[in-house]
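Visitor: Shown below is the structure under consideration.
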Amino acid sequence: MKINTVKLIAVIFLIAILGALVSIAGSARQAEDPGVLLRTAIEKEEVDGDLQGAIDLYKQIVAKYADNRAIAAKALLRLGGCYEKLGEEQASLAQKAFETIVENYPDQTEAVNLAKEKLSVIFRARVPVEKSDREFKITKIHTEKSRGGYFSPDGKKLVLIDQKENTLNLCLREIASGKEVRILSTPGDLHDCFWSPDSRWIAYLTGIGVNVISVEGGQPKTIIEVDPKAQKAGDYVWPMGWTPDSKKLIVQDTTKGLFAVPAWGGEWEEIFRFQDPKKAKEQDEAMTLSPDGKFIAFQSTQGGNQDIYVMPVRGGEPVRITDDPARDNGPLWSYDRQWLAFDSTRTGRSETWVIRITPDGRPGSQPIQATRGGGGGVWTQDGKIAYSTSKRAVHVFVANADGSGEVQLTKFNNSNVEPRWSPDAKNLAFVAPYGEEGRTAVWTVRSSGGEEKLLAPGDSPAWSSDGRKIAFSVGTRRPPATAKISIIPAEGGETKELMNYDGAMTNLDWSPDGRSIAFSYSRGNDAKNPIPDSRMEIEDIYIISASGGEPKRLTQMDKKGFRFTSPRWSPDGKKIAFRSLDYEGWEKGHQSEAIGIYTIDIGGGEPKLVTNEFGHWWFCWSPDGKNIIIPKQEKDSPGPYGADRRLYKVSAEGGTPERLNIMGMMPDFSPDGKKIAYSRLSDYSIEFWMAENFLPFDNKKK
């Protein structure tokens with residue numbers, strides 16, 4: 001009986017162990033289940049409030065279960081939300097997570113739509129806001145309509161550059177009072193200004209040399225004369241700062257190295273000589289000397305990416321200070337030598353960051369963002385960063401064909417271009433910034449006004465004839481260039497790839513019958529998968545079926561170095577108008593023929609010149625097919641850039657352009673012929689800002 005009892009206990013114990021093992025195995029399987037892991041991460045985020053722990057789990061899900069697209073997209077959406085909760089400092093990481101969903105998970109419609117809504121909010125929130133003195137703070141100091149300028153090291157003055165035709169004026173503005181005095185008026189041009197540390201002298205670079213002038217005015221002194229032959233070869237001498245005593249200007253000679261030049265002329269003092277000037281030039285090495293004269297900070301691509309390095313003046317191995325996939329450049333020492341400022345695109349746009357440098361020339365902190373919305377920041381003596389931003393707002397407008405009733409449709413993006421009407425005239429597609437600097441996306445907006453809606457990354461939108469779809473370019477124009485066309489439902493959703501080749505594609509247009517898409521394309525020697533029948537050194541117009549297939553080249557003109565771009569179908573679908581540009585001649589300054597618009601039958605044949613009174617790349621047909629609407633530059637029209645273009649109409653058979661009562665560019669006629677959509681520069685100004693309290697508190701002067 002006792003033996004049986006022992007056996008029974010042993011069996012029970014064994015069953016318990018097996019049960020525990022089964023439970024552990026089940027738990028392990030559950031832990032490996034991405035759905036369970038996602039729920040765990042959400043609980044960590046929402047119940048425990050452990051944002052960093054949740055972030056780590058969301059990242060793990062995305063990395064480990066990328067093939068489970070639904071789970072990965074949800075994890076990315078939650079990841080972006082966590083970064084949002086962490087505040088403004090993590091906004092760029094939130095944006096990156098949402099952009100990854102839009103670009104890599106187009107089939108996850110719900111997640112994509114939510115990510116687009118989040119991105120729209122982020123883009124709208126990019127307006128700098130002043131904070132209290134105890135927190136990071138940026139303050140707008142001054143706004144200019146056209147004059148660029150430079151802050152003095154004491155933070156009290158701005159030198160403003162006023163260039164009118166061939167006359168250069170330098171004006172000194174007191175920031176506190178707003179009082180201005182002109183200190184220089186002279187023929188010529190100017191590229192940059194460089195203040196001495198004591199705020200008493202200004203060096204400036206002209207096309208023929210480097211000059212120095214007192215803030216009191218007087219006759220400037222030329223201390224460096226440019227060698228025209230060296231300049232033509234791409235070599236230059238460029239100021240890189242001053243010595244702390246304000247007696248010498250530090251300059252970089254791309255053929256030699258770094259030198260100190262007496263402020264009123266004299267013998268150059270060698271600071272550092274390039275061992276291999278050609279290699280330094282190839283690696284884009286721009287150098288600056290530390291205030292104590294012991295170290296040189298410089299930008300370089302020697303590590304494969306443009307980063308910041310520091311090395312002893314007397315020689316030694318450079319120390320890599322930044323190591324980020326973004327482009328870091330323009331190092332600038334603080335006056336106390338403890339910090340380096342530099343410009344970086346790590347937020348998606350060029351802004352100024354700072355990093356501590358230890359006494360032995362090594363990184364002493366993580367990079368800290370100093371500015372918002374602008375780069376080129378310079379230190380003031382009291383440890384602030386002064387910088388300027390160019391505010392250039394191009395918006396989409398709609399007006400009646402006679403120019404009356406103008407309405408601005410777009411509101412929050414800073415560059416809204418390429419407007420295209422939907423066939424029912426209820427909506428407009430257009431192109432605006434998206435994500436990293438230089439990237440764009442297709443957006444839509446109601447023609448009666450309302451919120452802009454992010455559709456998909458890309459550009460050059462064109463509506464299908466039934467208004468249900470939009471074709472657009474999703475390729476890249478920079479090497480390695482890709483020529484891709486995708487089609488997306490007009491209301492948003494999953495994209496469908498129509499075409500994918502190596503090479504560069506510019507504009508596209510959908511035929512009135514909905515069967516074909518025209519586009520312009522060029523390729524280089526490195527294109528491994530080019531469009532068949534494509535030509536080197538000539539950009540051509542092609543037509544591809546909207547259902548896919550191989551593109552067919554339309555333009556056959558044998559003109560080396562030409563670009564045939566901007567195809568637009570005539571309303572009856574029988575012709576295509578396009579732009580012709582002698583690009584090779586344009587680059588050299590002597591074109592063999594003026595930029596022109598031609599029309600050609602879609603079956604081929606000899607192109608017909610419509611007009612060569614054209615300097616832009618965007619035009620449209622009138623709905624009746626009788627005229628072509630073009631923008632033209634006018635000398636007497638108001639405003640810079642796009643604001644000084646006026647719309648004209650010219651007969652499709654050729655003739656003299658007739659002036660319209662609309663200022664703008666990139667026109668597109670509504671299908672009923674009653675309205676015209678166009679882009680125009682609505683605001684251009686230069687804003688001067690001061691950033692404070694971005695350094696760690698214990699490093700500030702008390």
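Note on naming: chains are A, B, ... as they come in the structure tokens, residues start from 1 per chain, ligands start from 1 in the order shown.
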So which residues touch A:Leu93 within 9 Å, counting only C-alpha atoms, skipping near sequence neighbours fewer than 6 positions away, as a PDB file with C-alpha atoms, in the first residue's frame?
Guide:
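The resulting file, part22.pdb, is shown below:
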```pdb
ATOM      1  CA  GLY A  80       5.315  56.571 -34.338  1.00  0.00           C
ATOM      2  CA  TYR A  83       7.633  58.990 -30.402  1.00  0.00           C
ATOM      3  CA  GLU A  84       4.846  61.585 -30.607  1.00  0.00           C
ATOM      4  CA  THR A 347      15.649  65.669 -39.412  1.00  0.00           C
TER       5      THR A 347
END
```
Visitor: Any idea what's packed within 12 Å of A:Ser404, counting only C-alpha atoms, ignoring anything in its chain fewer than 6 positions away? Could you give it as number ranges by chain?
Guide: A: 397-398, 660-663, 674-676
Visitor: Counting only C-alpha atoms, what is within 10 Å of stretch 436-453 of chain A, bar same-chain residues fewer than 5 positions away, as a short mmCIF file (atom, residue, chain, number, x, y, z; two decimals) with C-alpha atoms, in the first residue's frame?
Guide:
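Output file result-v2.cif follows:
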```
data_model
loop_
_atom_site.label_atom_id
_atom_site.label_comp_id
_atom_site.auth_asym_id
_atom_site.auth_seq_id
_atom_site.Cartn_x
_atom_site.Cartn_y
_atom_site.Cartn_z
CA SER A 92 11.49 63.42 -36.69
CA GLN A 95 7.64 61.17 -38.97
CA LYS A 96 10.09 58.50 -40.17
CA GLU A 99 6.65 57.59 -43.79
CA ASN A 113 -4.45 56.27 -44.21
CA LYS A 116 -0.98 60.01 -43.79
CA GLU A 117 -3.25 61.79 -41.31
CA SER A 120 -0.33 65.97 -42.30
CA THR A 345 19.91 66.86 -42.68
CA ARG A 346 19.13 64.20 -40.05
CA THR A 347 15.65 65.67 -39.41
CA GLY A 348 14.86 65.65 -43.13
CA ARG A 349 15.86 69.28 -43.68
CA SER A 350 19.10 71.18 -43.12
CA PHE A 397 -4.55 79.40 -56.88
CA VAL A 398 -7.71 79.16 -58.95
CA VAL A 407 -8.83 82.00 -54.62
CA GLN A 408 -5.87 80.44 -52.82
CA LEU A 409 -6.48 76.72 -52.31
CA THR A 410 -3.36 75.43 -50.54
CA LYS A 411 -2.45 76.58 -47.05
CA PHE A 412 0.20 74.76 -45.04
CA ASN A 413 2.93 73.35 -47.34
CA SER A 415 5.83 74.72 -52.03
CA ASN A 416 2.69 73.65 -53.88
CA VAL A 417 3.18 73.11 -57.60
CA GLU A 418 1.96 71.24 -60.71
CA PRO A 419 -1.82 71.60 -60.16
CA ARG A 420 -4.04 69.28 -62.25
CA TRP A 421 -7.85 69.37 -62.46
CA SER A 422 -9.92 66.24 -62.03
CA ALA A 425 -13.55 69.81 -61.87
CA LYS A 426 -14.33 69.02 -58.21
CA ASN A 427 -10.74 68.29 -57.13
CA LEU A 428 -7.16 69.26 -57.88
CA ALA A 429 -4.08 67.11 -57.58
CA PHE A 430 -0.78 68.88 -56.91
CA VAL A 431 2.78 68.28 -55.70
CA GLY A 458 5.97 61.10 -55.91
CA ASP A 459 5.30 63.89 -58.38
CA SER A 460 3.86 64.78 -61.80
CA PRO A 461 0.24 63.65 -61.18
CA ILE A 470 -4.14 59.20 -60.72
CA ALA A 471 -0.89 58.22 -62.42
CA PHE A 472 2.30 59.71 -61.01
CA SER A 473 6.08 59.42 -61.09
CA VAL A 474 7.70 57.59 -58.17
CA THR A 476 14.36 59.18 -58.52
CA ALA A 490 -7.98 59.03 -56.53
CA GLU A 491 -9.45 58.50 -53.05
CA GLY A 492 -6.26 56.79 -51.87
CA ALA A 677 -5.42 76.64 -61.74
#
```
Visitor: Tell me, which residues of stretch 495-691 of chain A carry DSSP strand (DSSP E or B), written as an mmCIF file with C-alpha atoms, in the first residue's frame?
Guide:
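Dumped to part_29.cif:
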```cif
data_model
loop_
_atom_site.group_PDB
_atom_site.id
_atom_site.type_symbol
_atom_site.label_atom_id
_atom_site.label_comp_id
_atom_site.auth_asym_id
_atom_site.auth_seq_id
_atom_site.Cartn_x
_atom_site.Cartn_y
_atom_site.Cartn_z
ATOM 1 C CA LYS A 496 -0.101 49.629 -58.752
ATOM 2 C CA GLU A 497 3.209 49.843 -60.580
ATOM 3 C CA LEU A 498 2.877 50.437 -64.309
ATOM 4 C CA MET A 499 6.508 50.878 -65.361
ATOM 5 C CA ASN A 500 9.993 50.486 -63.869
ATOM 6 C CA TYR A 501 13.221 51.188 -65.769
ATOM 7 C CA ASP A 502 16.676 52.533 -65.036
ATOM 8 C CA ALA A 504 15.357 59.465 -65.271
ATOM 9 C CA MET A 505 11.744 60.391 -65.942
ATOM 10 C CA THR A 506 10.279 63.875 -65.647
ATOM 11 C CA ASN A 507 6.693 64.757 -66.569
ATOM 12 C CA LEU A 508 3.748 62.574 -67.562
ATOM 13 C CA ASP A 509 0.202 63.004 -68.887
ATOM 14 C CA TRP A 510 -2.792 60.648 -69.313
ATOM 15 C CA SER A 516 -2.213 55.697 -72.859
ATOM 16 C CA ILE A 517 0.226 57.690 -70.762
ATOM 17 C CA ALA A 518 2.893 59.966 -72.254
ATOM 18 C CA PHE A 519 6.109 60.799 -70.401
ATOM 19 C CA SER A 520 9.642 62.086 -70.954
ATOM 20 C CA TYR A 521 12.680 59.901 -70.241
ATOM 21 C CA SER A 522 16.463 59.954 -70.464
ATOM 22 C CA ARG A 523 19.220 57.539 -69.519
ATOM 23 C CA MET A 536 21.957 58.530 -75.137
ATOM 24 C CA GLU A 539 15.667 63.040 -73.587
ATOM 25 C CA ASP A 540 12.623 61.827 -75.517
ATOM 26 C CA ILE A 541 8.842 61.623 -75.301
ATOM 27 C CA TYR A 542 7.402 58.110 -74.917
ATOM 28 C CA ILE A 543 3.926 56.592 -74.843
ATOM 29 C CA ILE A 544 2.968 53.534 -72.797
ATOM 30 C CA SER A 545 -0.349 51.706 -72.596
ATOM 31 C CA LYS A 552 7.238 53.476 -77.596
ATOM 32 C CA ARG A 553 9.379 56.483 -78.451
ATOM 33 C CA PHE A 562 18.462 68.140 -76.510
ATOM 34 C CA ARG A 563 15.711 67.456 -74.008
ATOM 35 C CA PHE A 564 12.167 66.891 -75.210
ATOM 36 C CA THR A 565 10.005 67.062 -72.104
ATOM 37 C CA SER A 566 6.641 68.026 -70.598
ATOM 38 C CA PRO A 567 4.250 66.068 -72.865
ATOM 39 C CA ARG A 568 0.613 67.257 -72.853
ATOM 40 C CA TRP A 569 -2.147 65.545 -74.856
ATOM 41 C CA LYS A 575 -1.570 65.449 -80.792
ATOM 42 C CA ILE A 576 0.993 65.856 -78.037
ATOM 43 C CA ALA A 577 2.615 69.191 -77.238
ATOM 44 C CA PHE A 578 6.092 69.116 -75.721
ATOM 45 C CA ARG A 579 8.987 71.368 -74.758
ATOM 46 C CA SER A 580 12.270 71.387 -76.651
ATOM 47 C CA LEU A 581 15.459 72.562 -74.922
ATOM 48 C CA ASP A 582 19.065 72.579 -76.156
ATOM 49 C CA GLY A 596 10.257 76.136 -77.699
ATOM 50 C CA ILE A 597 6.939 74.319 -77.647
ATOM 51 C CA TYR A 598 6.210 71.866 -80.446
ATOM 52 C CA THR A 599 3.218 69.711 -81.327
ATOM 53 C CA ILE A 600 3.404 66.284 -82.935
ATOM 54 C CA ASP A 601 0.798 63.789 -84.134
ATOM 55 C CA LYS A 608 5.538 71.703 -85.619
ATOM 56 C CA LEU A 609 6.892 74.731 -83.741
ATOM 57 C CA VAL A 610 4.216 76.640 -81.810
ATOM 58 C CA THR A 611 6.348 79.260 -80.052
ATOM 59 C CA CYS A 620 -1.371 73.375 -70.858
ATOM 60 C CA TRP A 621 -3.956 73.285 -73.662
ATOM 61 C CA ASN A 627 -4.646 77.527 -77.754
ATOM 62 C CA ILE A 628 -1.743 76.654 -75.495
ATOM 63 C CA ILE A 629 -1.316 78.513 -72.189
ATOM 64 C CA ILE A 630 2.249 79.383 -71.196
ATOM 65 C CA PRO A 631 3.961 81.394 -68.412
ATOM 66 C CA LYS A 632 6.365 84.137 -69.481
ATOM 67 C CA GLN A 633 8.919 86.163 -67.558
ATOM 68 C CA ARG A 645 5.654 85.319 -64.497
ATOM 69 C CA ARG A 646 2.436 86.088 -66.316
ATOM 70 C CA LEU A 647 0.207 83.671 -68.210
ATOM 71 C CA TYR A 648 -0.152 84.040 -71.975
ATOM 72 C CA LYS A 649 -2.078 82.135 -74.599
ATOM 73 C CA VAL A 650 -0.755 81.308 -78.043
ATOM 74 C CA SER A 651 -2.536 79.653 -80.948
ATOM 75 C CA GLU A 658 -1.494 87.088 -76.089
ATOM 76 C CA ARG A 659 -1.253 88.391 -72.540
ATOM 77 C CA LEU A 660 -3.720 87.137 -69.892
ATOM 78 C CA ASN A 661 -4.670 88.894 -66.671
ATOM 79 C CA ILE A 662 -3.136 86.249 -64.373
ATOM 80 C CA MET A 663 0.228 86.288 -62.608
ATOM 81 C CA MET A 665 3.079 79.653 -63.569
ATOM 82 C CA MET A 666 2.241 75.962 -64.141
ATOM 83 C CA PRO A 667 -1.257 76.603 -65.545
ATOM 84 C CA ASP A 668 -3.994 73.997 -65.932
ATOM 85 C CA PHE A 669 -7.394 74.768 -67.473
ATOM 86 C CA LYS A 675 -11.248 78.445 -64.589
ATOM 87 C CA ILE A 676 -7.474 78.171 -64.548
ATOM 88 C CA ALA A 677 -5.418 76.643 -61.741
ATOM 89 C CA TYR A 678 -1.819 77.788 -61.349
ATOM 90 C CA SER A 679 1.018 78.149 -58.854
ATOM 91 C CA ARG A 680 2.486 81.448 -57.719
ATOM 92 C CA LEU A 681 5.017 82.655 -55.200
ATOM 93 C CA SER A 682 2.789 84.270 -52.601
ATOM 94 C CA ASP A 683 5.419 85.143 -50.032
ATOM 95 C CA TYR A 684 9.178 85.502 -50.032
ATOM 96 C CA SER A 685 11.145 86.763 -47.051
ATOM 97 C CA ILE A 686 14.250 86.141 -44.988
ATOM 98 C CA GLU A 687 13.702 85.635 -41.277
ATOM 99 C CA PHE A 688 16.449 86.065 -38.684
ATOM 100 C CA TRP A 689 16.223 83.930 -35.536
ATOM 101 C CA MET A 690 18.082 83.448 -32.262
ATOM 102 C CA ALA A 691 18.201 80.041 -30.538
#
```
Visitor: Give me the residues near stretch 278-295 of chain A as an MDAnalysis selection string, where near means some atom within 8 Å (using only C-alpha atoms) and where sequence neighbours in that chain fewer than 3 positions away do not count.
Guide: chainID A and resid 240:241 243:244 250 252 254:255 258 274 298:302 310:314 330:333 335:337 361
Visitor: Selected residues, N, CA and C atoms, written as a short mmCIF file (atom, residue, chain, number, x, y, z; two decimals), in the first residue's frame, please.
Guide:
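Once everything was written out, this is result_29.cif:
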```cif
data_model
loop_
_atom_site.label_atom_id
_atom_site.label_comp_id
_atom_site.auth_asym_id
_atom_site.auth_seq_id
_atom_site.Cartn_x
_atom_site.Cartn_y
_atom_site.Cartn_z
N MET A 240 37.39 81.26 -43.57
CA MET A 240 36.83 80.23 -42.69
C MET A 240 36.72 80.70 -41.25
N GLY A 241 36.89 82.01 -41.01
CA GLY A 241 36.79 82.56 -39.66
C GLY A 241 37.92 83.52 -39.38
N THR A 243 41.05 84.79 -36.23
CA THR A 243 41.74 84.46 -34.98
C THR A 243 41.02 85.18 -33.84
N PRO A 244 41.11 84.67 -32.60
CA PRO A 244 40.36 85.27 -31.48
C PRO A 244 40.66 86.74 -31.22
N ILE A 250 41.23 83.70 -41.11
CA ILE A 250 41.58 82.32 -41.46
C ILE A 250 40.96 82.00 -42.82
N GLN A 252 40.94 79.21 -46.37
CA GLN A 252 41.32 77.92 -46.94
C GLN A 252 41.60 78.09 -48.41
N THR A 254 42.13 75.90 -51.59
CA THR A 254 41.86 74.50 -51.96
C THR A 254 43.06 73.81 -52.58
N THR A 255 44.05 74.58 -53.04
CA THR A 255 45.24 73.97 -53.65
C THR A 255 46.37 73.78 -52.65
N LEU A 258 45.27 75.51 -45.05
CA LEU A 258 44.67 76.53 -44.20
C LEU A 258 45.73 77.57 -43.81
N PHE A 274 47.75 70.73 -46.95
CA PHE A 274 47.22 69.46 -47.44
C PHE A 274 48.37 68.57 -47.93
N PHE A 298 36.78 69.75 -39.49
CA PHE A 298 36.53 69.78 -40.93
C PHE A 298 35.46 68.78 -41.31
N GLN A 299 34.81 69.07 -42.43
CA GLN A 299 33.86 68.13 -43.02
C GLN A 299 34.62 67.29 -44.04
N SER A 300 34.20 66.05 -44.23
CA SER A 300 34.88 65.18 -45.19
C SER A 300 34.01 63.99 -45.53
N THR A 301 34.21 63.48 -46.73
CA THR A 301 33.53 62.24 -47.15
C THR A 301 34.49 61.06 -47.10
N GLN A 302 35.60 61.20 -46.38
CA GLN A 302 36.62 60.15 -46.35
C GLN A 302 36.08 58.83 -45.82
N VAL A 310 37.72 65.96 -36.33
CA VAL A 310 38.61 66.87 -35.62
C VAL A 310 40.00 66.24 -35.56
N MET A 311 41.03 67.07 -35.78
CA MET A 311 42.40 66.56 -35.67
C MET A 311 43.31 67.66 -35.13
N PRO A 312 44.43 67.29 -34.50
CA PRO A 312 45.38 68.29 -34.00
C PRO A 312 46.01 69.06 -35.16
N VAL A 313 46.28 70.34 -34.93
CA VAL A 313 46.91 71.15 -35.96
C VAL A 313 48.29 70.60 -36.32
N ARG A 314 48.99 70.09 -35.33
CA ARG A 314 50.35 69.61 -35.55
C ARG A 314 50.41 68.22 -36.17
N GLY A 330 29.86 71.91 -42.56
CA GLY A 330 30.00 73.27 -42.06
C GLY A 330 30.32 73.38 -40.59
N PRO A 331 31.37 72.72 -40.07
CA PRO A 331 31.67 72.82 -38.63
C PRO A 331 32.08 74.24 -38.25
N LEU A 332 31.68 74.67 -37.04
CA LEU A 332 31.99 76.01 -36.56
C LEU A 332 32.18 75.96 -35.04
N TRP A 333 33.37 76.39 -34.57
CA TRP A 333 33.68 76.33 -33.15
C TRP A 333 32.94 77.41 -32.37
N TYR A 335 32.93 80.11 -29.25
CA TYR A 335 34.03 81.00 -28.84
C TYR A 335 34.78 80.47 -27.62
N ASP A 336 34.14 79.60 -26.81
CA ASP A 336 34.85 79.02 -25.67
C ASP A 336 35.53 77.70 -26.02
N ARG A 337 35.41 77.29 -27.31
CA ARG A 337 36.07 76.09 -27.88
C ARG A 337 35.48 74.76 -27.37
N GLY A 361 40.04 66.67 -28.10
CA GLY A 361 39.53 66.66 -29.47
C GLY A 361 38.64 65.50 -29.81
#
```
Visitor: Given only C-alpha atoms, how would the per-residue table for stretch 323-432 of chain A near stretch 144-157 of chain A read, listing every residue at most 7 Å away with its closest atom pair and distance in Å to one decimal, sorted by chain and number, as a Markdown table?
Guide:
```
| residue | atom | partner | partner_atom | distance |
| --- | --- | --- | --- | --- |
| A:Trp379 | CA | A:Pro153 | CA | 6.8 |
| A:Thr380 | CA | A:Pro153 | CA | 4.5 |
| A:Gln381 | CA | A:Pro153 | CA | 5.5 |
| A:Ala386 | CA | A:Phe151 | CA | 6.6 |
```
Visitor: Kindly export the residues of the current selection with N, CA and C atoms, as a CSV table (one decimal), in the first residue's frame.
Guide:
```
chain,number,residue,atom,x,y,z
A,379,TRP,N,27.6,81.0,-34.0
A,379,TRP,CA,27.7,81.2,-32.5
A,379,TRP,C,27.7,82.7,-32.2
A,380,THR,N,27.1,83.1,-31.1
A,380,THR,CA,27.3,84.4,-30.5
A,380,THR,C,28.3,84.2,-29.3
A,381,GLN,N,28.9,85.3,-28.9
A,381,GLN,CA,29.9,85.2,-27.8
A,381,GLN,C,29.3,84.6,-26.5
A,386,ALA,N,22.7,82.0,-33.8
A,386,ALA,CA,21.9,82.9,-34.6
A,386,ALA,C,21.9,82.4,-36.0
```
Visitor: List as a PDB file with N, CA and C atoms, in the first residue's frame the protein and nucleic acid residues near A:Ala70, meaning an atom at most 10 Å away when only C-alpha atoms are counted, but skip any in the same chain fewer than 2 places from it.
Guide:
```pdb
ATOM      1  N   GLY A  35       1.354  38.539 -32.884  1.00  0.00           N
ATOM      2  CA  GLY A  35       0.149  39.174 -32.366  1.00  0.00           C
ATOM      3  C   GLY A  35       0.215  39.336 -30.862  1.00  0.00           C
ATOM      4  N   TYR A  65       9.359  40.425 -37.783  1.00  0.00           N
ATOM      5  CA  TYR A  65       8.164  39.929 -38.459  1.00  0.00           C
ATOM      6  C   TYR A  65       7.762  40.829 -39.632  1.00  0.00           C
ATOM      7  N   ALA A  66       8.765  41.289 -40.375  1.00  0.00           N
ATOM      8  CA  ALA A  66       8.494  42.177 -41.513  1.00  0.00           C
ATOM      9  C   ALA A  66       7.599  41.513 -42.545  1.00  0.00           C
ATOM     10  N   ASP A  67       7.668  40.165 -42.644  1.00  0.00           N
ATOM     11  CA  ASP A  67       6.842  39.452 -43.619  1.00  0.00           C
ATOM     12  C   ASP A  67       5.362  39.452 -43.233  1.00  0.00           C
ATOM     13  N   ASN A  68       5.076  39.606 -41.950  1.00  0.00           N
ATOM     14  CA  ASN A  68       3.690  39.719 -41.503  1.00  0.00           C
ATOM     15  C   ASN A  68       3.309  41.195 -41.628  1.00  0.00           C
ATOM     16  N   ALA A  72       3.370  44.235 -38.841  1.00  0.00           N
ATOM     17  CA  ALA A  72       4.491  45.180 -38.924  1.00  0.00           C
ATOM     18  C   ALA A  72       3.990  46.609 -39.113  1.00  0.00           C
ATOM     19  N   ALA A  73       2.978  46.786 -39.960  1.00  0.00           N
ATOM     20  CA  ALA A  73       2.431  48.126 -40.193  1.00  0.00           C
ATOM     21  C   ALA A  73       1.793  48.680 -38.919  1.00  0.00           C
ATOM     22  N   LYS A  74       1.069  47.837 -38.193  1.00  0.00           N
ATOM     23  CA  LYS A  74       0.461  48.282 -36.933  1.00  0.00           C
ATOM     24  C   LYS A  74       1.531  48.650 -35.912  1.00  0.00           C
ATOM     25  N   ALA A  75       2.618  47.840 -35.877  1.00  0.00           N
ATOM     26  CA  ALA A  75       3.702  48.127 -34.939  1.00  0.00           C
ATOM     27  C   ALA A  75       4.367  49.461 -35.275  1.00  0.00           C
ATOM     28  N   TYR A 105       4.399  49.872 -47.038  1.00  0.00           N
ATOM     29  CA  TYR A 105       3.229  49.035 -46.770  1.00  0.00           C
ATOM     30  C   TYR A 105       1.972  49.591 -47.440  1.00  0.00           C
ATOM     31  N   ASP A 107      -0.159  48.258 -49.235  1.00  0.00           N
ATOM     32  CA  ASP A 107      -1.280  47.322 -49.222  1.00  0.00           C
ATOM     33  C   ASP A 107      -2.048  47.351 -47.903  1.00  0.00           C
ATOM     34  N   GLN A 108      -1.462  47.942 -46.874  1.00  0.00           N
ATOM     35  CA  GLN A 108      -2.128  48.033 -45.565  1.00  0.00           C
ATOM     36  C   GLN A 108      -2.892  49.356 -45.509  1.00  0.00           C
ATOM     37  N   THR A 109      -4.025  49.387 -46.176  1.00  0.00           N
ATOM     38  CA  THR A 109      -4.754  50.625 -46.430  1.00  0.00           C
ATOM     39  C   THR A 109      -5.093  51.397 -45.168  1.00  0.00           C
ATOM     40  N   GLU A 110      -5.609  50.715 -44.153  1.00  0.00           N
ATOM     41  CA  GLU A 110      -6.018  51.400 -42.928  1.00  0.00           C
ATOM     42  C   GLU A 110      -4.822  52.062 -42.252  1.00  0.00           C
ATOM     43  N   ALA A 111      -3.718  51.315 -42.127  1.00  0.00           N
ATOM     44  CA  ALA A 111      -2.517  51.861 -41.496  1.00  0.00           C
ATOM     45  C   ALA A 111      -1.951  53.015 -42.311  1.00  0.00           C
TER      46      ALA A 111
END
```
